[in-house]
>>> print(open('upload_32.cif').read())   # mmCIF, C-alpha atoms
data_start
loop_
_atom_site.label_atom_id
_atom_site.label_comp_id
_atom_site.auth_asym_id
_atom_site.auth_seq_id
_atom_site.Cartn_x
_atom_site.Cartn_y
_atom_site.Cartn_z
CA VAL A 146 -48.13 97.18 10.82
CA THR A 147 -44.56 96.10 11.54
CA GLY A 148 -43.87 95.63 7.85
CA ILE A 149 -45.29 99.05 6.95
CA HIS A 150 -43.28 100.65 9.76
CA ILE A 151 -40.03 99.12 8.46
CA TYR A 152 -40.89 100.19 4.90
CA GLN A 153 -41.65 103.76 5.94
CA TRP A 154 -38.71 103.98 8.33
CA ASN A 155 -36.25 103.19 5.54
CA ALA A 156 -37.98 105.50 3.05
CA TRP A 157 -38.75 108.50 5.27
CA TRP A 158 -37.45 108.50 8.84
CA LYS A 159 -34.05 106.82 8.77
CA ASP A 160 -31.29 109.29 9.84
CA GLN A 161 -33.97 111.98 10.25
CA ARG A 162 -34.52 111.95 14.03
CA THR A 163 -34.87 115.37 15.66
CA SER A 164 -37.08 117.08 18.23
CA PHE A 165 -40.85 116.97 17.73
CA HIS A 166 -42.15 119.85 15.61
CA ILE A 167 -45.30 120.88 13.75
CA ILE A 168 -45.44 121.91 10.09
CA ASN A 169 -48.62 123.16 8.44
CA ASP A 170 -48.63 122.13 4.79
CA PRO A 171 -52.01 123.17 3.35
CA ASP A 172 -50.66 123.51 -0.20
CA TYR A 173 -48.47 120.41 -0.33
CA ALA A 174 -49.19 118.35 -3.48
CA LEU A 175 -52.18 120.65 -4.11
CA ASN A 176 -53.95 118.81 -1.26
CA VAL A 177 -53.94 115.51 -3.11
CA ASP A 178 -51.98 114.12 -0.13
CA LYS A 179 -54.95 115.02 2.11
CA ALA A 180 -57.16 112.85 -0.08
CA GLY A 181 -54.59 110.13 0.45
CA HIS A 182 -54.83 110.51 4.22
CA VAL A 183 -58.63 110.28 4.09
CA TYR A 184 -58.30 107.13 1.99
CA GLY A 185 -55.65 105.63 4.28
CA GLY A 186 -57.78 106.26 7.36
CA ALA A 187 -60.84 104.70 5.72
CA LEU A 188 -58.92 101.64 4.52
CA GLY A 189 -57.27 101.12 7.91
CA SER A 190 -60.62 101.45 9.64
CA PHE A 191 -62.15 98.90 7.26
CA ILE A 192 -59.33 96.40 7.77
CA GLY A 193 -59.58 96.82 11.54
CA GLN A 194 -63.35 96.35 11.42
CA LYS A 195 -63.15 93.17 9.36
CA SER A 196 -60.36 91.79 11.54
CA LEU A 197 -62.49 92.27 14.64
CA GLU A 198 -65.53 90.72 12.95
CA TRP A 199 -63.41 87.70 12.02
CA ALA A 200 -62.28 87.46 15.65
CA GLY A 201 -65.91 87.28 16.78
CA ALA A 202 -66.66 90.85 17.86
CA SER A 203 -70.16 92.23 17.40
CA LYS A 204 -70.83 94.48 14.41
CA THR A 205 -71.00 97.62 16.55
CA THR A 206 -67.82 96.76 18.46
CA ALA A 207 -66.04 95.99 15.20
CA VAL A 208 -67.13 99.29 13.61
CA TRP A 209 -65.86 101.39 16.52
CA GLY A 210 -62.81 99.22 17.06
CA GLY A 211 -61.97 99.57 13.38
CA PHE A 212 -62.25 103.34 13.71
CA ALA A 213 -59.80 103.27 16.63
CA ILE A 214 -57.36 101.03 14.75
CA GLY A 215 -57.50 103.12 11.55
CA ALA A 216 -57.20 106.46 13.30
CA LEU A 217 -54.45 105.40 15.72
CA PHE A 218 -52.33 103.83 12.99
CA GLU A 219 -52.55 106.91 10.79
CA LEU A 220 -51.87 109.23 13.73
CA TYR A 221 -48.84 107.15 14.72
CA VAL A 222 -47.42 107.89 11.26
CA GLU A 223 -48.09 111.61 11.78
CA PHE A 224 -46.28 111.61 15.12
CA GLU A 225 -43.31 109.80 13.58
CA ASP A 226 -43.28 112.52 10.91
CA GLY A 227 -43.20 115.04 13.75
CA PHE A 228 -39.79 113.70 14.81
CA ALA A 229 -38.37 113.73 11.26
CA ARG A 230 -36.15 116.64 10.26
CA ASP A 231 -37.52 117.05 6.73
CA TRP A 232 -41.14 116.41 7.65
CA GLY A 233 -43.12 117.42 10.73
CA PHE A 234 -46.48 116.73 12.35
CA SER A 235 -49.17 118.07 10.02
CA PRO A 236 -52.49 119.02 11.68
CA GLY A 237 -54.20 118.94 8.27
CA ASP A 238 -53.00 115.38 7.66
CA ALA A 239 -54.18 114.35 11.14
CA TYR A 240 -57.67 115.78 10.55
CA ALA A 241 -57.86 113.94 7.22
CA ASP A 242 -56.77 110.69 8.90
CA VAL A 243 -59.55 110.88 11.47
CA ILE A 244 -62.17 111.87 8.88
CA GLY A 245 -61.19 108.87 6.77
CA ALA A 246 -61.25 106.47 9.73
CA ALA A 247 -64.75 107.74 10.56
CA TRP A 248 -66.07 106.97 7.07
CA PRO A 249 -66.93 103.28 7.75
CA VAL A 250 -68.59 104.37 11.00
CA MET A 251 -70.77 106.82 9.10
CA GLN A 252 -71.60 104.13 6.53
CA HIS A 253 -72.77 101.91 9.39
CA TYR A 254 -75.07 104.51 10.95
CA VAL A 255 -76.14 106.46 7.85
CA PRO A 256 -77.15 103.95 5.14
CA PHE A 257 -77.27 106.66 2.44
CA THR A 258 -73.47 107.02 2.66
CA GLN A 259 -73.03 103.38 1.65
CA HIS A 260 -73.56 104.57 -1.92
CA PHE A 261 -70.26 106.49 -1.75
CA GLN A 262 -66.92 104.69 -1.60
CA PRO A 263 -63.34 106.05 -1.33
CA LYS A 264 -61.09 104.41 -3.92
CA PHE A 265 -57.49 104.46 -5.10
CA SER A 266 -55.53 103.71 -8.24
CA TYR A 267 -51.80 103.86 -8.87
CA VAL A 268 -49.30 103.64 -11.70
CA PRO A 269 -45.67 104.47 -10.80
CA SER A 270 -44.78 107.99 -11.90
CA ARG A 271 -41.97 108.74 -14.30
CA ALA A 272 -39.97 110.11 -11.37
CA MET A 273 -40.49 106.87 -9.47
CA LEU A 274 -39.38 104.78 -12.43
CA ASP A 275 -36.26 106.84 -13.20
CA GLY A 276 -35.21 107.03 -9.54
CA SER A 277 -35.56 110.80 -9.09
CA HIS A 278 -38.37 110.32 -6.56
CA LYS A 279 -36.54 109.63 -3.30
CA GLY A 280 -39.53 108.43 -1.28
CA ASN A 281 -41.64 105.37 -1.91
CA ALA A 282 -44.91 104.41 -3.58
CA ILE A 283 -46.89 105.74 -0.61
CA ASP A 284 -45.78 109.32 -1.26
CA ASP A 285 -45.43 109.01 -5.05
CA TYR A 286 -48.38 111.37 -5.46
CA GLU A 287 -47.85 111.90 -9.18
CA GLY A 288 -48.66 108.24 -9.76
CA GLN A 289 -51.72 108.17 -7.53
CA THR A 290 -55.35 109.04 -8.15
CA TYR A 291 -57.85 109.23 -5.30
CA TRP A 292 -61.49 108.67 -6.09
CA MET A 293 -64.95 108.92 -4.63
CA GLY A 294 -66.98 106.17 -6.22
CA VAL A 295 -70.74 106.57 -6.51
CA HIS A 296 -72.99 103.50 -6.66
CA VAL A 297 -75.47 105.08 -9.04
CA HIS A 298 -78.02 102.26 -9.06
CA GLY A 299 -78.83 102.66 -5.37
CA LEU A 300 -79.48 106.39 -5.80
CA LEU A 301 -81.93 106.07 -8.68
CA PRO A 302 -85.72 106.06 -8.30
CA ASP A 303 -87.12 102.53 -8.43
CA SER A 304 -88.70 103.17 -11.84
CA TRP A 305 -85.29 104.03 -13.33
CA LYS A 306 -83.22 101.23 -11.83
CA ARG A 307 -83.93 98.76 -14.64
CA TYR A 308 -82.13 101.09 -17.06
CA TRP A 309 -78.87 101.18 -15.09
CA PRO A 310 -76.80 98.06 -14.25
CA ASP A 311 -76.41 97.64 -10.51
CA TRP A 312 -72.66 96.92 -10.89
CA LEU A 313 -71.87 100.09 -12.86
CA GLY A 314 -71.07 103.33 -11.11
CA ILE A 315 -69.19 106.55 -11.69
CA ALA A 316 -66.22 107.98 -9.82
CA ILE A 317 -64.64 111.39 -9.57
CA GLY A 318 -60.91 111.42 -8.99
CA VAL A 319 -58.14 113.86 -8.22
CA SER A 320 -54.44 113.64 -9.04
CA VAL A 321 -51.45 115.96 -9.19
CA ARG A 322 -48.78 116.36 -11.86
CA ASN A 323 -45.47 118.27 -12.23
CA MET A 324 -44.57 118.24 -8.55
CA PRO A 325 -41.23 119.93 -7.79
CA ARG A 326 -38.42 117.45 -7.19
CA HIS A 327 -35.54 119.72 -6.20
CA PRO A 328 -35.13 122.95 -4.19
CA GLY A 329 -35.86 125.90 -6.41
CA ASP A 330 -38.17 124.03 -8.79
CA ASP A 331 -41.11 126.13 -9.95
CA GLU A 332 -44.12 125.11 -7.83
CA SER A 333 -46.47 127.06 -10.09
CA LEU A 334 -46.11 124.29 -12.69
CA MET A 335 -47.99 121.86 -10.46
CA GLN A 336 -51.32 120.80 -11.90
CA ARG A 337 -54.37 119.34 -10.17
CA ASN A 338 -56.34 117.00 -12.42
CA ILE A 339 -60.02 116.21 -11.93
CA ILE A 340 -61.08 112.95 -13.58
CA LEU A 341 -64.56 111.55 -14.22
CA ALA A 342 -64.65 107.81 -14.86
CA LEU A 343 -66.86 104.78 -14.97
CA ASP A 344 -66.59 102.59 -11.90
CA TYR A 345 -67.44 99.07 -10.78
CA ASP A 346 -69.19 97.79 -7.66
CA MET A 347 -67.38 94.53 -6.94
CA THR A 348 -70.06 93.44 -4.47
CA LYS A 349 -72.41 93.15 -7.47
CA ILE A 350 -69.91 91.54 -9.85
CA LEU A 351 -68.22 88.76 -7.89
CA PRO A 352 -70.17 85.72 -6.69
CA GLY A 353 -70.35 84.31 -3.17
CA ASP A 354 -72.17 85.25 -0.01
CA SER A 355 -69.90 83.84 2.71
CA TRP A 356 -68.40 86.21 5.27
CA PHE A 357 -65.02 85.90 3.54
CA MET A 358 -66.39 86.65 0.08
CA ARG A 359 -68.40 89.64 1.32
CA ALA A 360 -65.31 91.03 3.06
CA LEU A 361 -63.19 90.41 -0.05
CA LYS A 362 -65.65 92.15 -2.34
CA GLU A 363 -65.99 95.11 0.02
CA GLY A 364 -62.20 95.32 0.22
CA LEU A 365 -61.84 95.29 -3.56
CA ASN A 366 -64.23 98.24 -3.68
CA PHE A 367 -61.41 100.33 -2.21
CA VAL A 368 -59.63 99.94 -5.59
CA HIS A 369 -60.59 101.82 -8.72
CA PHE A 370 -60.02 99.43 -11.59
CA PRO A 371 -59.14 100.69 -15.10
CA SER A 372 -62.10 102.17 -16.93
CA PRO A 373 -62.99 104.75 -19.60
CA ALA A 374 -62.59 108.27 -18.25
CA ILE A 375 -62.35 111.93 -19.13
CA ARG A 376 -60.29 114.65 -17.53
CA ILE A 377 -62.56 117.60 -16.88
CA SER A 378 -59.97 119.95 -15.34
CA PRO A 379 -57.74 121.77 -16.12
CA ASN A 380 -58.65 120.77 -19.69
CA TYR A 381 -60.44 117.98 -21.51
CA VAL A 382 -58.70 114.70 -22.19
CA ALA A 383 -60.41 111.39 -23.03
CA TYR A 384 -58.95 108.07 -21.87
CA GLY A 385 -59.94 104.71 -23.34
CA LEU A 386 -58.78 103.17 -20.05
CA TYR A 387 -57.59 105.29 -17.13
CA PHE A 388 -55.28 103.50 -14.70
#
>>> encode(input="upload_32.cif", output="structure tokens")
Amino acid sequence: VTGIHIYQWNAWWKDQRTSFHIINDPDYALNVDKAGHVYGGALGSFIGQKSLEWAGASKTTAVWGGFAIGALFELYVEFEDGFARDWGFSPGDAYADVIGAAWPVMQHYVPFTQHFQPKFSYVPSRAMLDGSHKGNAIDDYEGQTYWMGVHVHGLLPDSWKRYWPDWLGIAIGVSVRNMPRHPGDDESLMQRNIILALDYDMTKILPGDSWFMRALKEGLNFVHFPSPAIRISPNYVAYGLYF
């Protein structure tokens, strides 16, 4: 947490301190940033849960403690944004943070939701590589894709399961392109991409049944690894491997 704070302070908040203020940003990055906040809340909640399990907490305590850790960390970032001149506390981001942090809780109490997994993939954008993006990788939205992975095998009728590998799933992703970089840039050029891709369930691929290996495999399921994909919106594009 300290390391992330230092990283974000230097990228976002340094020399930005002002009075607390609220900014509603429902259209920022075509809402791809909201998907990022859901993902961040879910990942933080998962890490908190596994940390508490490792420390000896019961499963139920770890699930709810992880929710508190994930939500509070994400909300701390929102409140820091609220004191930044060029940012501001975003209620929409805060709602997304809490929804994401609640995802592992829902997976614990509603087994059906275990078939659905938030995921993330990233390749630095052109703006990030040429230095025109002034933030960091966390807000380099043009390089990010946020996914909802579906573990297809678990959703199939028993008579169909032998036809579908248990490690192979599908994922639907969202990304944004052509974000404005300077005041006056045409925001209408922004483009939201919807991607459909094959996906992998790492809990079915990697061996090992120790607590550490189970936690590792579940953690790796938060990453969408390169796979064949198609863009289904705004137009069709096929990818041999989508990163």
>>> residues_near_point(input="upload_32.cif", point="(-50.2, 112.1, 7.4)", cutoff="10 Å", atoms="only C-alpha atoms", output="PyMOL selection string")
chain A and resi 178-179+181-183+185-186+219-227+233-242
>>> resolve_selection(input="upload_32.cif", expression="the PyMOL selection byres ((chain A and resi 258-275) around 9)", output="short mmCIF file (atom, residue, chain, number, x, y, z; two decimals) with C-alpha atoms, in the coordinates of the input")
data_model
loop_
_atom_site.label_atom_id
_atom_site.label_comp_id
_atom_site.auth_asym_id
_atom_site.auth_seq_id
_atom_site.Cartn_x
_atom_site.Cartn_y
_atom_site.Cartn_z
CA GLY A 181 -54.59 110.13 0.45
CA VAL A 183 -58.63 110.28 4.09
CA TYR A 184 -58.30 107.13 1.99
CA ALA A 187 -60.84 104.70 5.72
CA LEU A 188 -58.92 101.64 4.52
CA GLY A 245 -61.19 108.87 6.77
CA TRP A 248 -66.07 106.97 7.07
CA PRO A 249 -66.93 103.28 7.75
CA MET A 251 -70.77 106.82 9.10
CA GLN A 252 -71.60 104.13 6.53
CA HIS A 253 -72.77 101.91 9.39
CA TYR A 254 -75.07 104.51 10.95
CA VAL A 255 -76.14 106.46 7.85
CA PRO A 256 -77.15 103.95 5.14
CA PHE A 257 -77.27 106.66 2.44
CA GLY A 276 -35.21 107.03 -9.54
CA SER A 277 -35.56 110.80 -9.09
CA HIS A 278 -38.37 110.32 -6.56
CA LYS A 279 -36.54 109.63 -3.30
CA GLY A 280 -39.53 108.43 -1.28
CA ASN A 281 -41.64 105.37 -1.91
CA ALA A 282 -44.91 104.41 -3.58
CA ASP A 285 -45.43 109.01 -5.05
CA TYR A 286 -48.38 111.37 -5.46
CA GLU A 287 -47.85 111.90 -9.18
CA GLY A 288 -48.66 108.24 -9.76
CA GLN A 289 -51.72 108.17 -7.53
CA THR A 290 -55.35 109.04 -8.15
CA TYR A 291 -57.85 109.23 -5.30
CA TRP A 292 -61.49 108.67 -6.09
CA MET A 293 -64.95 108.92 -4.63
CA GLY A 294 -66.98 106.17 -6.22
CA VAL A 295 -70.74 106.57 -6.51
CA HIS A 296 -72.99 103.50 -6.66
CA VAL A 297 -75.47 105.08 -9.04
CA HIS A 298 -78.02 102.26 -9.06
CA GLY A 299 -78.83 102.66 -5.37
CA LEU A 300 -79.48 106.39 -5.80
CA ALA A 316 -66.22 107.98 -9.82
CA GLY A 318 -60.91 111.42 -8.99
CA ARG A 326 -38.42 117.45 -7.19
CA ASN A 366 -64.23 98.24 -3.68
CA PHE A 367 -61.41 100.33 -2.21
CA VAL A 368 -59.63 99.94 -5.59
CA HIS A 369 -60.59 101.82 -8.72
CA PHE A 370 -60.02 99.43 -11.59
CA PRO A 371 -59.14 100.69 -15.10
CA PHE A 388 -55.28 103.50 -14.70
#
>>> resolve_selection(input="upload_32.cif", expression="the PyMOL selection byres ((chain A and resi 172) around 12)", output="list in words")
Ile168, Asn169, Asp170, Pro171, Tyr173, Ala174, Leu175, Asn176, Val177, Asp178, Lys179, Ser235, Gly237, Asp238, Val321, Met324, Glu332, Ser333, Met335 and Arg337 of chain A
>>> closest_residue(input="upload_32.cif", among="A:Gly385, A:Gly364, A:Pro352, A:Pro310", to="A:Gly189", atoms="only C-alpha atoms")
A:Gly364
>>> resolve_selection(input="upload_32.cif", expression="the PyMOL selection byres ((chain A and resi 376) around 10)", output="compact mmCIF listing (two decimals) with C-alpha atoms, keeping the file's coordinate frame")
# COMPACT_ATOMS: atom_id res chain seq x y z
CA ILE A 317 -64.64 111.39 -9.57
CA GLY A 318 -60.91 111.42 -8.99
CA VAL A 319 -58.14 113.86 -8.22
CA ASN A 338 -56.34 117.00 -12.42
CA ILE A 339 -60.02 116.21 -11.93
CA ILE A 340 -61.08 112.95 -13.58
CA LEU A 341 -64.56 111.55 -14.22
CA ALA A 342 -64.65 107.81 -14.86
CA ALA A 374 -62.59 108.27 -18.25
CA ILE A 375 -62.35 111.93 -19.13
CA ILE A 377 -62.56 117.60 -16.88
CA SER A 378 -59.97 119.95 -15.34
CA PRO A 379 -57.74 121.77 -16.12
CA ASN A 380 -58.65 120.77 -19.69
CA TYR A 381 -60.44 117.98 -21.51
CA VAL A 382 -58.70 114.70 -22.19
CA ALA A 383 -60.41 111.39 -23.03
CA TYR A 384 -58.95 108.07 -21.87
CA TYR A 387 -57.59 105.29 -17.13
>>> closest_residue(input="upload_32.cif", among="A:Leu197, A:Ala202, A:Leu313, A:Met358", to="A:Leu343", atoms="only C-alpha atoms")
A:Leu313
